[in-house]
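Asks: This is the structure I want to talk about, given as C-alpha cells.
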Amino acid sequence: MKLSKFLLGTASALALSGSLVVTDMAVAQEILVPSLVYRTGAYAPNGVPLANGIADYFALLNARDGGIGGVKIKVEECETGYKTPVGVECYEALKAKGAVAFSPFSTGITYQLIPKATQDKIPIFSMGYGRTSAADGSVFKWVFNFPTTYWSQASAVIKYFGDRAGGMDKLKGKKIVHIYHNSAYGKEANPTLEILAKKLGFNLTLLAVDHPGQEQKSTWLQVRRIKPDYIFMSGWGVMNQVAIKEAASINFPMENFLGNWWSGTESDTIPGGAGANGYTSTNFHSVGANFSALNDIKKYVYDAGNGAGKKERIGEVLYNRGIVNSVFVAEAIRVAQKKFGVKQVTGEQVRYGFENLNMDAARWKELGLGGFMGNVKVTCKDHEGGGGVVFIQKWDASGKKWDRVGSAKGYTPMRDVVRPLVEADAAAFAKENGITPRDCS
Amino acid sequence: MEMLNAVFVAPFVDMFTYPAFFVEVLLGGLTAGVMYSLVALGFVLIFKASGVFNFAQGVLALFAALTLVGLMTGTIPFSQNSMSALALPIWLAVIATGGVMVGLAYAIERVVLRPLVNQEEIIMFMSTIGLAFVLEGVGDMMWGSDVKALDVGIPSGSFEVNGVLVQVFDLWAAGIAAVMVAFLAVFFQKTKIGRALRAVADDHQAALSVGIPLKTIWVAVWSVAGLVALVAGIMWGSKSGVQFSLSLIALKALPVLILGGFTSIPGAIIGGLIIGVGEKVAEVYWGPLVNGAIENWFAYVLALLFLMFRPQGLFGEKIIERI
C-alpha cells in the first residue's frame with residue numbers, strides 16, 4: 001500500500017514536473033516585445049494609431065509566418081499616458097518579464113531609461129525622437145535612434161526651404177520662424193537651426209508655445225509682425241491643430257508652413273477643415289495602405305478579427321510609423337537569431353541585431369514595403385543608420401490625404417553640420433558620466 | 001543699462017511706434033480673455049451655489065463637446081462606430097446635448113452631492129476631483145479618444161481695419177459670451193430660483209430651514225453650469241478640435257477666478273479680459289527678453305498682484321465672519 005502510494009506520488013510528481021517543463025518550454029517559445037503605449041490622456045489621438053500599428057505588424061508575423069524564426073512574438077502593452085514616471089514603471093515591470101527591447105515613444109521616458117537600460121543591458125530604440133546625440137554609438141551602446149534625428153531633420157528642412165527659395169544661397173536674408181513645443185523635445189532642433197542661420201545667413205526667430213498649446217494668440221501675433229518667409233513647427237498634440245487653424249486665420253500661406261514628423265498627422269489637419277489645405281510636414285516613411293505588407297495585415301489580421309484598430313485607418317501617418325517601428329524591432333530580432341543561432345534571443349543579442357541592421361531597398365521589398373522609406377545601415381559608430389531621408393508631405397483637405405511634394409528622392413540631412421554636433425554632445429555626455437567610448441574603428 | 005532699456009523703455013517705444021500692431025495685441029488679448037471667461041463662468045456658477053470649487057468644470061466642457069460631436073456624427077456610444085442615419089442636425093444635437101448635461105446634473109446631485117450635504121467643503125471639492133476622472137474615462141469609452149472636428153457653423157476668416165486684423169470667430173465668441181452673461185445675470189438676479197441659489201450658497205442649513213429645496217437647487221445650478229460648459233466646449237472645440245486636452249482649458253480659468261473673484265459673474269468676464277490682455281502684452285513685448293513662453297505663468301503673477309490689494313478678488317464678496 002505504502003509502495004503503491006509512493007509510486008503514485010512519484011508518478012504524479014514526475015507528471016507534474018513534466019507538465020511544468022512543457023509549460024516552461026511553451027513560455028520560452030515566445031519573445032516578449034513590450035509596447036509602451038498612450039491610448040488614454042491628452043495625447044491619445046497620436047498614441048492609439050501608433051500602438052495599433054505596432055501590435056498589428058507583430059500579429060501579422062505571428063499569423064502569417066508563425067512569428068520570427070519559428071518563435072511567436074508576444075506584444076505586451078503598458079499604458080503610460082505619456083507620463084514619464086509611469087513609463088519608467090512600465091519599463092521595470094516588463095523588464096522583469098524578459099522584454100528584449102524597449103521603444104519608449106516619449107523623449108522624456110527615453111531620457112530616463114538611457115542609464116537604466118544601459119545598466120540592464122536592454123536596447124532602447126527611440127525611432128526619430130529622444131536624445132539626438134545617442135546617434136553616436138561609441139558612447140550610447142544601448143540606444144538607437146535611426147532612421148534619423150531631430151537635428152538631421154532640421155538640416156533637411158532648411159534644405160527643403162532652400163529648394164523652395166530657388167537655391168541654398170537664396171536663403172540669405174530670408175526670415176524663418178521655428179514655433180516649438182516648450183519642452184525638451186520641442187527645443188531639440190534649435191541649436192542646429194541657429195548654426196545653420198549663421199552659416200546660411202537667414203534670420204531665425206524661435207517662438208516657444210507652452211504645453212498644451214490650446215491658446216496661441218500671442219505666438220501668431222508675433223508671426224503677423226515678423227512676416228516670415230517660412231515657418232517650421234515642432235509641435236505635439238493640440239498645439240498642432242491650433243497652430244494650423246491660427247495660420248489659416250491670419251492667411252499665412254500654408255505651403256510655407258512646415259511641421260516636423262510629429263506635427264503632420266491626420267489628427268492635426270482634419271480639425272482645420274479646408275483651411276488646412278496645403279499644410280506641409282516632414283516624414284521619414286510613406287503614408288497610405290498601398291503596400292503588400294499592409295494588405296497582408298488586412299488579410300491575416302483584420303479579416304480574422306484580430307486587428308487592433310479599424311481597418312480603414314491602416315495607412316494613416318502614425319499607424320504606418322508604428323509599423324516601421326515594429327519592422328525594425330522584428331529585423332533586429334531576426335539578425336540576432338541568425339548571428340547567435342538561437343530562437344529565443346536576449347536583450348543583449350537584440351542589441352547586436354540593431355547594430356547590424358542593413359535595410360536596403362531589396363530588403364524593404366522582400367518585406368512587402370518596397371519604396372516605403374530610405375535605406376538604413378546601422379553601425380557601431382552610427383546609431384542613426386546613415387542619417388536617413390526626410391520626405392515632405394502636403395495635406396490635401398478635400399481628399400483627406402497626404403501627397404508627397406518637393407524632391408521625389410526626399411532630402412538628406414547635412415551630415416557635415418549635424419554629425420560633429422552629435423559627436424561633441426556625446427563626448428560631453430561621456431565625460432560627465434565617466435563613460436569610456438567604445439572603439440568602433 | 002542695456003537691460004534696463006530693454007525692460008523699461010524699448011517695449012513702450014515699440015507700442016507707440018507701431019500703434020496698429022499694439023491695438024491688434026490688445027484686441028487679441030481681449031478676445032482670448034473672452035474665451036477664458038467662458039470657462040470661468042462655469043466655476044463661478046457652482047461656487048456661488050454651493051461654495052465648492054468644481055474641479056470637473058473643464059471635463060464637463062469636454063464631455064459636452066464630445067457628446068455634441070457624437071450626436072452630430074451619429075456615433076454609437078461605446079462602439080465608436082458611426083451611422084450617418086443617426087446623425088442629428090446641429091440644432092437638434094445642441095438641444096439633445098443640453099438635455100444630456102441636465103441629466104448629468106441630476107445624476108451628479110443624486111450620486112455625488114446628496115450624500116455630502118453639510119459635509120466640509122474640502123470633501124465636496126475632493127468629490128469633484130473624482131468626478132473629473134470618472135467623466136473623462138466614461139467620455140473616452142463612449143466617444144473614443146480621436147481628435148474630432150467640430151463645425152457648428154460659426155464663421156471663421158478675418159478682415160483688416162486700418163491694418164488691424166480682426167478674426168470673425170473671435171467676434172462671435174465675444175457676442176456669445178455677452179448673451180450668456182446677460183442671461184445669467186437675469187437668471188440670478190430676477191428669478192426666484194436665482195435668489196434661492198444665492199441663499200443656498202450662503203448657508204445650506206439656513207436655506208433648508210426656510211424651505212428652499214437644496215436638491216432641486218443643486219440640480220438647477222449644475223444644469224446651468226453644464227450648459228455653460230457646453231457653450232465653452234463648442235467655442236474651444238471649434239478652435240482646436242474636440243479632444244481630451246480640452247479639459248485642460250480649466251487651467252486658463254484659474255487666474256481669471258483668482259482675479260475676478262469666485263462668486264462674481266461680471267468678475268469672471270472682467271477678470272478674463274484683464275488676464276487676456278495682460279498675458280498677451282507681456283508675451284509679445286517682454287517675452288522675447290527671456291526666450292518667450294511667459295504668458296501662462298504671467299497670468300498668475302497678474303492675478304496674485306491683484307490679490308495683494310483685494311484678497312477677495314476684483315468683484316468677489318468680502319466675507320466678514322464674527323467670532
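Ordering of the C-alpha cells sets the chain letters (A, B, ...); residue numbers start at 1 within each chain; ligands are numbered from 1 in the order shown.
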Residues of region 46-284 of chain A in alpha helix (DSSP H) according to DSSP, as a ChimeraX atom specification?
Replies: /A:46-65,84-96,107-120,150-165,184-187,190-200,217-226,238-249,266-269
Asks: Which residues are close to Val100 (chain A), i.e. within 7 Å by only C-alpha atoms, leaving aside same-chain residues fewer than 5 positions away? Reply as a short mmCIF file (atom, residue, chain, number, x, y, z; two decimals) with N, CA, C and O atoms, in the first residue's frame.
Replies:
data_model
loop_
_atom_site.label_atom_id
_atom_site.label_comp_id
_atom_site.auth_asym_id
_atom_site.auth_seq_id
_atom_site.Cartn_x
_atom_site.Cartn_y
_atom_site.Cartn_z
N LEU A 32 9.22 38.30 -25.84
CA LEU A 32 8.40 39.39 -25.31
C LEU A 32 8.87 40.73 -25.86
O LEU A 32 9.99 41.17 -25.59
N VAL A 33 8.00 41.36 -26.62
CA VAL A 33 8.27 42.71 -27.11
C VAL A 33 7.33 43.66 -26.38
O VAL A 33 6.12 43.61 -26.57
N ILE A 122 19.59 46.18 -21.96
CA ILE A 122 18.42 46.04 -22.83
C ILE A 122 18.46 47.22 -23.82
O ILE A 122 18.60 48.37 -23.39
N THR A 346 18.05 37.19 -26.37
CA THR A 346 18.07 38.05 -25.18
C THR A 346 18.19 39.52 -25.62
O THR A 346 18.48 39.79 -26.79
N GLY A 347 18.03 40.41 -24.65
CA GLY A 347 18.17 41.83 -24.96
C GLY A 347 19.55 42.15 -25.51
O GLY A 347 19.69 42.94 -26.44
N VAL A 350 19.68 41.11 -29.07
CA VAL A 350 18.89 42.01 -29.92
C VAL A 350 19.64 43.32 -30.14
O VAL A 350 19.56 43.93 -31.21
#
Asks: May I have the residues within 8 Å of Val157 (chain A) as a list of chain:residue names, using only C-alpha atoms and disregarding those fewer than 6 positions away in the same chain?
Replies: A:Phe232, A:Thr282, A:Tyr411
Asks: Kindly assemble as CSV a list of the chain B residues that lie within 7 Å of chain A, each paired with its nearest atom pair and their distance in Å to one decimal, using only C-alpha atoms, sorted first by chain and then by ascending residue number.
Replies:
residue,atom,partner,partner_atom,distance
B:Val25,CA,A:Leu221,CA,6.8
B:Gly28,CA,A:Lys217,CA,6.5
B:Ser145,CA,A:Pro45,CA,5.7
B:Asp146,CA,A:Pro45,CA,4.6
B:Val147,CA,A:Ser267,CA,5.7
B:Lys148,CA,A:Pro271,CA,6.5
B:Ala149,CA,A:Pro271,CA,4.2
B:Gly157,CA,A:Ser249,CA,5.3
B:Ser158,CA,A:Ser249,CA,6.2
B:Lys239,CA,A:Val242,CA,6.5
B:Ser240,CA,A:Val242,CA,5.0
B:Gly241,CA,A:Pro271,CA,5.1
B:Phe244,CA,A:Ala42,CA,4.8
B:Ser245,CA,A:Ala42,CA,4.6
B:Lys280,CA,A:Ser218,CA,5.4
B:Glu283,CA,A:Ser218,CA,6.5
B:Val284,CA,A:Ser218,CA,6.1
B:Gly292,CA,A:Ala208,CA,5.9
B:Ala293,CA,A:Ala208,CA,5.4
Asks: Residues of the last selection are to be written out with N, CA, C and O atoms, as an mmCIF file, in the first residue's frame.
Replies:
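So the final result, stored in part_10.cif, reads:
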data_model
loop_
_atom_site.group_PDB
_atom_site.id
_atom_site.type_symbol
_atom_site.label_atom_id
_atom_site.label_comp_id
_atom_site.auth_asym_id
_atom_site.auth_seq_id
_atom_site.Cartn_x
_atom_site.Cartn_y
_atom_site.Cartn_z
ATOM 1 N N VAL B 25 -2.624 93.569 -30.678
ATOM 2 C CA VAL B 25 -2.276 92.772 -29.482
ATOM 3 C C VAL B 25 -3.372 92.910 -28.430
ATOM 4 O O VAL B 25 -3.805 91.920 -27.816
ATOM 5 N N GLY B 28 -6.350 90.995 -29.562
ATOM 6 C CA GLY B 28 -6.081 89.554 -29.397
ATOM 7 C C GLY B 28 -6.230 89.152 -27.940
ATOM 8 O O GLY B 28 -6.793 88.095 -27.624
ATOM 9 N N SER B 145 -11.026 58.375 -28.327
ATOM 10 C CA SER B 145 -10.036 59.406 -27.989
ATOM 11 C C SER B 145 -9.507 60.167 -29.208
ATOM 12 O O SER B 145 -8.610 60.974 -29.080
ATOM 13 N N ASP B 146 -10.065 59.912 -30.370
ATOM 14 C CA ASP B 146 -9.595 60.643 -31.566
ATOM 15 C C ASP B 146 -9.914 62.124 -31.475
ATOM 16 O O ASP B 146 -10.862 62.524 -30.804
ATOM 17 N N VAL B 147 -9.138 62.917 -32.205
ATOM 18 C CA VAL B 147 -9.474 64.336 -32.331
ATOM 19 C C VAL B 147 -10.662 64.439 -33.282
ATOM 20 O O VAL B 147 -10.655 63.856 -34.364
ATOM 21 N N LYS B 148 -11.683 65.170 -32.867
ATOM 22 C CA LYS B 148 -12.884 65.261 -33.692
ATOM 23 C C LYS B 148 -13.092 66.696 -34.156
ATOM 24 O O LYS B 148 -13.038 67.616 -33.346
ATOM 25 N N ALA B 149 -13.312 66.854 -35.433
ATOM 26 C CA ALA B 149 -13.585 68.194 -35.962
ATOM 27 C C ALA B 149 -14.975 68.619 -35.518
ATOM 28 O O ALA B 149 -15.898 67.809 -35.510
ATOM 29 N N GLY B 157 -12.337 83.030 -40.635
ATOM 30 C CA GLY B 157 -11.775 84.035 -41.538
ATOM 31 C C GLY B 157 -11.457 85.320 -40.810
ATOM 32 O O GLY B 157 -11.646 85.415 -39.582
ATOM 33 N N SER B 158 -10.955 86.292 -41.535
ATOM 34 C CA SER B 158 -10.537 87.542 -40.898
ATOM 35 C C SER B 158 -10.635 88.698 -41.884
ATOM 36 O O SER B 158 -10.774 88.494 -43.085
ATOM 37 N N LYS B 239 -12.202 75.679 -32.172
ATOM 38 C CA LYS B 239 -10.849 76.205 -32.439
ATOM 39 C C LYS B 239 -9.817 75.095 -32.611
ATOM 40 O O LYS B 239 -8.954 75.166 -33.473
ATOM 41 N N SER B 240 -9.908 74.078 -31.751
ATOM 42 C CA SER B 240 -8.815 73.103 -31.705
ATOM 43 C C SER B 240 -9.230 71.690 -32.066
ATOM 44 O O SER B 240 -8.395 70.792 -32.082
ATOM 45 N N GLY B 241 -10.509 71.492 -32.369
ATOM 46 C CA GLY B 241 -10.996 70.127 -32.496
ATOM 47 C C GLY B 241 -11.326 69.628 -31.091
ATOM 48 O O GLY B 241 -10.779 70.122 -30.106
ATOM 49 N N PHE B 244 -9.118 65.307 -25.769
ATOM 50 C CA PHE B 244 -9.080 65.255 -24.306
ATOM 51 C C PHE B 244 -8.300 66.389 -23.659
ATOM 52 O O PHE B 244 -8.512 66.691 -22.495
ATOM 53 N N SER B 245 -7.430 67.039 -24.406
ATOM 54 C CA SER B 245 -6.729 68.181 -23.816
ATOM 55 C C SER B 245 -7.679 69.357 -23.588
ATOM 56 O O SER B 245 -7.323 70.327 -22.931
ATOM 57 N N LYS B 280 -1.062 88.679 -23.087
ATOM 58 C CA LYS B 280 -0.652 88.879 -24.493
ATOM 59 C C LYS B 280 0.367 90.020 -24.603
ATOM 60 O O LYS B 280 1.365 89.913 -25.320
ATOM 61 N N GLU B 283 3.644 88.771 -23.198
ATOM 62 C CA GLU B 283 4.317 87.793 -24.063
ATOM 63 C C GLU B 283 4.937 88.474 -25.288
ATOM 64 O O GLU B 283 6.083 88.187 -25.659
ATOM 65 N N VAL B 284 4.176 89.362 -25.900
ATOM 66 C CA VAL B 284 4.648 89.963 -27.155
ATOM 67 C C VAL B 284 5.778 90.962 -26.906
ATOM 68 O O VAL B 284 6.777 90.970 -27.629
ATOM 69 N N GLY B 292 10.700 83.836 -24.376
ATOM 70 C CA GLY B 292 9.269 83.622 -24.596
ATOM 71 C C GLY B 292 8.610 82.637 -23.655
ATOM 72 O O GLY B 292 9.183 82.219 -22.647
ATOM 73 N N ALA B 293 7.335 82.310 -24.024
ATOM 74 C CA ALA B 293 6.503 81.371 -23.249
ATOM 75 C C ALA B 293 6.337 81.817 -21.794
ATOM 76 O O ALA B 293 6.453 81.023 -20.868
#
Asks: Could you give me, as a list of chain:residue names, the residues within 7 Å of region 75-87 of chain B, counting only C-alpha atoms and dropping anything in the same chain fewer than 3 positions from it?
Replies: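 Returned residues: B:Gly70, B:Leu71, B:Met72, B:Met141, B:Met142, B:Trp143, B:Gly144.
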Asks: Which residues in region 4-169 of chain A does DSSP call strand (DSSP E)? List them as number ranges by chain.
Replies: A: 30-37, 72-79, 124-125, 143-144
Asks: Convert the current residue selection to file output with N, CA, C and O atoms, as a PDB file, in the first residue's frame.
Replies:
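Result went into part08.pdb, see below:
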ATOM      1  N   GLU A  30       8.331  32.093 -26.868  1.00  0.00           N
ATOM      2  CA  GLU A  30       7.756  33.406 -27.163  1.00  0.00           C
ATOM      3  C   GLU A  30       8.814  34.449 -26.865  1.00  0.00           C
ATOM      4  O   GLU A  30       9.583  34.310 -25.917  1.00  0.00           O
ATOM      5  N   ILE A  31       8.849  35.442 -27.695  1.00  0.00           N
ATOM      6  CA  ILE A  31       9.754  36.562 -27.417  1.00  0.00           C
ATOM      7  C   ILE A  31       8.882  37.728 -26.973  1.00  0.00           C
ATOM      8  O   ILE A  31       7.913  38.071 -27.663  1.00  0.00           O
ATOM      9  N   LEU A  32       9.222  38.303 -25.839  1.00  0.00           N
ATOM     10  CA  LEU A  32       8.398  39.392 -25.306  1.00  0.00           C
ATOM     11  C   LEU A  32       8.872  40.733 -25.856  1.00  0.00           C
ATOM     12  O   LEU A  32       9.995  41.169 -25.588  1.00  0.00           O
ATOM     13  N   VAL A  33       7.997  41.359 -26.617  1.00  0.00           N
ATOM     14  CA  VAL A  33       8.270  42.714 -27.114  1.00  0.00           C
ATOM     15  C   VAL A  33       7.333  43.661 -26.380  1.00  0.00           C
ATOM     16  O   VAL A  33       6.116  43.607 -26.574  1.00  0.00           O
ATOM     17  N   PRO A  34       7.866  44.505 -25.526  1.00  0.00           N
ATOM     18  CA  PRO A  34       6.983  45.424 -24.796  1.00  0.00           C
ATOM     19  C   PRO A  34       6.529  46.577 -25.684  1.00  0.00           C
ATOM     20  O   PRO A  34       7.242  46.971 -26.608  1.00  0.00           O
ATOM     21  N   SER A  35       5.353  47.068 -25.411  1.00  0.00           N
ATOM     22  CA  SER A  35       4.856  48.228 -26.167  1.00  0.00           C
ATOM     23  C   SER A  35       4.370  49.262 -25.169  1.00  0.00           C
ATOM     24  O   SER A  35       3.335  49.076 -24.524  1.00  0.00           O
ATOM     25  N   LEU A  36       5.154  50.316 -25.019  1.00  0.00           N
ATOM     26  CA  LEU A  36       4.772  51.397 -24.102  1.00  0.00           C
ATOM     27  C   LEU A  36       3.832  52.328 -24.870  1.00  0.00           C
ATOM     28  O   LEU A  36       4.264  53.034 -25.775  1.00  0.00           O
ATOM     29  N   VAL A  37       2.568  52.279 -24.501  1.00  0.00           N
ATOM     30  CA  VAL A  37       1.558  52.989 -25.291  1.00  0.00           C
ATOM     31  C   VAL A  37       0.924  54.114 -24.489  1.00  0.00           C
ATOM     32  O   VAL A  37       1.031  54.153 -23.262  1.00  0.00           O
ATOM     33  N   LYS A  72       7.006  32.692 -31.728  1.00  0.00           N
ATOM     34  CA  LYS A  72       5.938  33.700 -31.701  1.00  0.00           C
ATOM     35  C   LYS A  72       6.396  34.932 -30.917  1.00  0.00           C
ATOM     36  O   LYS A  72       7.193  34.824 -29.985  1.00  0.00           O
ATOM     37  N   ILE A  73       5.851  36.050 -31.318  1.00  0.00           N
ATOM     38  CA  ILE A  73       6.154  37.302 -30.614  1.00  0.00           C
ATOM     39  C   ILE A  73       4.973  37.644 -29.715  1.00  0.00           C
ATOM     40  O   ILE A  73       3.827  37.666 -30.178  1.00  0.00           O
ATOM     41  N   LYS A  74       5.285  37.891 -28.483  1.00  0.00           N
ATOM     42  CA  LYS A  74       4.230  38.322 -27.569  1.00  0.00           C
ATOM     43  C   LYS A  74       4.378  39.826 -27.343  1.00  0.00           C
ATOM     44  O   LYS A  74       5.395  40.275 -26.803  1.00  0.00           O
ATOM     45  N   VAL A  75       3.389  40.567 -27.786  1.00  0.00           N
ATOM     46  CA  VAL A  75       3.426  42.018 -27.567  1.00  0.00           C
ATOM     47  C   VAL A  75       2.646  42.312 -26.302  1.00  0.00           C
ATOM     48  O   VAL A  75       1.468  41.981 -26.206  1.00  0.00           O
ATOM     49  N   GLU A  76       3.310  42.911 -25.337  1.00  0.00           N
ATOM     50  CA  GLU A  76       2.603  43.267 -24.106  1.00  0.00           C
ATOM     51  C   GLU A  76       2.584  44.788 -23.970  1.00  0.00           C
ATOM     52  O   GLU A  76       3.625  45.430 -23.872  1.00  0.00           O
ATOM     53  N   GLU A  77       1.371  45.320 -23.974  1.00  0.00           N
ATOM     54  CA  GLU A  77       1.236  46.778 -23.874  1.00  0.00           C
ATOM     55  C   GLU A  77       1.259  47.219 -22.414  1.00  0.00           C
ATOM     56  O   GLU A  77       0.765  46.514 -21.539  1.00  0.00           O
ATOM     57  N   CYS A  78       1.832  48.380 -22.197  1.00  0.00           N
ATOM     58  CA  CYS A  78       1.772  49.006 -20.881  1.00  0.00           C
ATOM     59  C   CYS A  78       1.398  50.468 -21.095  1.00  0.00           C
ATOM     60  O   CYS A  78       2.051  51.183 -21.866  1.00  0.00           O
ATOM     61  N   GLU A  79       0.333  50.880 -20.451  1.00  0.00           N
ATOM     62  CA  GLU A  79      -0.202  52.223 -20.665  1.00  0.00           C
ATOM     63  C   GLU A  79       0.608  53.262 -19.872  1.00  0.00           C
ATOM     64  O   GLU A  79       0.692  53.184 -18.650  1.00  0.00           O
ATOM     65  N   ILE A 124      17.435  50.283 -26.184  1.00  0.00           N
ATOM     66  CA  ILE A 124      16.361  51.271 -26.299  1.00  0.00           C
ATOM     67  C   ILE A 124      16.332  51.706 -27.756  1.00  0.00           C
ATOM     68  O   ILE A 124      17.355  52.141 -28.305  1.00  0.00           O
ATOM     69  N   PHE A 125      15.171  51.597 -28.362  1.00  0.00           N
ATOM     70  CA  PHE A 125      15.030  52.043 -29.745  1.00  0.00           C
ATOM     71  C   PHE A 125      14.085  53.241 -29.771  1.00  0.00           C
ATOM     72  O   PHE A 125      12.871  53.085 -29.668  1.00  0.00           O
ATOM     73  N   VAL A 143      21.568  52.491 -27.049  1.00  0.00           N
ATOM     74  CA  VAL A 143      20.481  53.347 -27.544  1.00  0.00           C
ATOM     75  C   VAL A 143      20.602  53.508 -29.061  1.00  0.00           C
ATOM     76  O   VAL A 143      21.697  53.747 -29.573  1.00  0.00           O
ATOM     77  N   PHE A 144      19.473  53.405 -29.736  1.00  0.00           N
ATOM     78  CA  PHE A 144      19.439  53.553 -31.198  1.00  0.00           C
ATOM     79  C   PHE A 144      18.349  54.545 -31.558  1.00  0.00           C
ATOM     80  O   PHE A 144      17.238  54.460 -31.024  1.00  0.00           O
TER      81      PHE A 144
END
Asks: Skip Lys215 (chain B) itself and residues of its chain fewer than 5 positions away, then list as a list in words all residues within 9 Å of it, counting only C-alpha atoms.
Replies: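 Close residues of Lys215 (chain B): Glu109, Arg110, Leu113, Arg114 and Ala220 of chain B.
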Asks: Suppose we keep all heavy atoms; can you now write the selection as a PDB file, in the first residue's frame?
Replies:
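Below is the file that was written, part.pdb:
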ATOM      1  N   GLU B 109     -26.063  65.184  -8.756  1.00  0.00           N
ATOM      2  CA  GLU B 109     -26.704  65.543  -7.479  1.00  0.00           C
ATOM      3  C   GLU B 109     -27.086  64.294  -6.697  1.00  0.00           C
ATOM      4  O   GLU B 109     -26.836  64.199  -5.503  1.00  0.00           O
ATOM      5  CB  GLU B 109     -27.955  66.393  -7.778  1.00  0.00           C
ATOM      6  CG  GLU B 109     -28.586  67.029  -6.536  1.00  0.00           C
ATOM      7  CD  GLU B 109     -29.468  66.065  -5.745  1.00  0.00           C
ATOM      8  OE1 GLU B 109     -30.144  65.197  -6.355  1.00  0.00           O
ATOM      9  OE2 GLU B 109     -29.466  66.159  -4.503  1.00  0.00           O
ATOM     10  N   ARG B 110     -27.642  63.312  -7.412  1.00  0.00           N
ATOM     11  CA  ARG B 110     -28.155  62.104  -6.756  1.00  0.00           C
ATOM     12  C   ARG B 110     -27.016  61.244  -6.200  1.00  0.00           C
ATOM     13  O   ARG B 110     -27.082  60.746  -5.087  1.00  0.00           O
ATOM     14  CB  ARG B 110     -28.968  61.302  -7.801  1.00  0.00           C
ATOM     15  CG  ARG B 110     -29.708  60.119  -7.233  1.00  0.00           C
ATOM     16  CD  ARG B 110     -30.890  60.585  -6.381  1.00  0.00           C
ATOM     17  NE  ARG B 110     -31.476  59.472  -5.640  1.00  0.00           N
ATOM     18  CZ  ARG B 110     -31.006  58.990  -4.496  1.00  0.00           C
ATOM     19  NH1 ARG B 110     -29.928  59.515  -3.956  1.00  0.00           N
ATOM     20  NH2 ARG B 110     -31.611  58.003  -3.869  1.00  0.00           N
ATOM     21  N   LEU B 113     -23.430  64.489  -4.819  1.00  0.00           N
ATOM     22  CA  LEU B 113     -23.620  65.609  -3.891  1.00  0.00           C
ATOM     23  C   LEU B 113     -24.544  65.291  -2.709  1.00  0.00           C
ATOM     24  O   LEU B 113     -24.265  65.676  -1.581  1.00  0.00           O
ATOM     25  CB  LEU B 113     -24.166  66.823  -4.655  1.00  0.00           C
ATOM     26  CG  LEU B 113     -23.281  67.335  -5.795  1.00  0.00           C
ATOM     27  CD1 LEU B 113     -23.944  68.501  -6.491  1.00  0.00           C
ATOM     28  CD2 LEU B 113     -21.918  67.756  -5.256  1.00  0.00           C
ATOM     29  N   ARG B 114     -25.634  64.601  -2.992  1.00  0.00           N
ATOM     30  CA  ARG B 114     -26.643  64.396  -1.938  1.00  0.00           C
ATOM     31  C   ARG B 114     -26.052  63.739  -0.690  1.00  0.00           C
ATOM     32  O   ARG B 114     -26.341  64.170   0.426  1.00  0.00           O
ATOM     33  CB  ARG B 114     -27.831  63.598  -2.481  1.00  0.00           C
ATOM     34  CG  ARG B 114     -29.055  63.747  -1.571  1.00  0.00           C
ATOM     35  CD  ARG B 114     -30.230  62.950  -2.067  1.00  0.00           C
ATOM     36  NE  ARG B 114     -30.774  63.455  -3.321  1.00  0.00           N
ATOM     37  CZ  ARG B 114     -31.892  62.948  -3.873  1.00  0.00           C
ATOM     38  NH1 ARG B 114     -32.530  61.960  -3.311  1.00  0.00           N
ATOM     39  NH2 ARG B 114     -32.332  63.447  -5.009  1.00  0.00           N
ATOM     40  N   ALA B 220     -30.431  72.350 -10.477  1.00  0.00           N
ATOM     41  CA  ALA B 220     -30.572  73.529 -11.353  1.00  0.00           C
ATOM     42  C   ALA B 220     -29.215  74.149 -11.658  1.00  0.00           C
ATOM     43  O   ALA B 220     -28.880  74.437 -12.815  1.00  0.00           O
ATOM     44  CB  ALA B 220     -31.491  74.560 -10.692  1.00  0.00           C
TER      45      ALA B 220
END
Asks: Compile the contact shell of region 199-210 of chain B as a PyMOL selection string: residues with an atom at most 9 Å away, counting only C-alpha atoms, same-chain residues fewer than 3 positions apart removed.
Replies: chain B and resi 46-51+117-118+194-196+213-214+217-218
Asks: Compile the contact shell of region 84-96 of chain A as an mmCIF file with C-alpha atoms, in the first residue's frame: residues with an atom at most 6 Å away, counting only C-alpha atoms, same-chain residues fewer than 3 positions apart removed.
Replies:
data_model
loop_
_atom_site.group_PDB
_atom_site.id
_atom_site.type_symbol
_atom_site.label_atom_id
_atom_site.label_comp_id
_atom_site.auth_asym_id
_atom_site.auth_seq_id
_atom_site.Cartn_x
_atom_site.Cartn_y
_atom_site.Cartn_z
ATOM 1 C CA CYS A 78 1.772 49.006 -20.881
ATOM 2 C CA THR A 80 1.988 55.240 -19.907
ATOM 3 C CA ALA A 99 11.465 42.120 -22.548
ATOM 4 C CA GLY A 108 11.035 62.224 -21.546
ATOM 5 C CA ILE A 109 10.781 58.480 -20.921
#
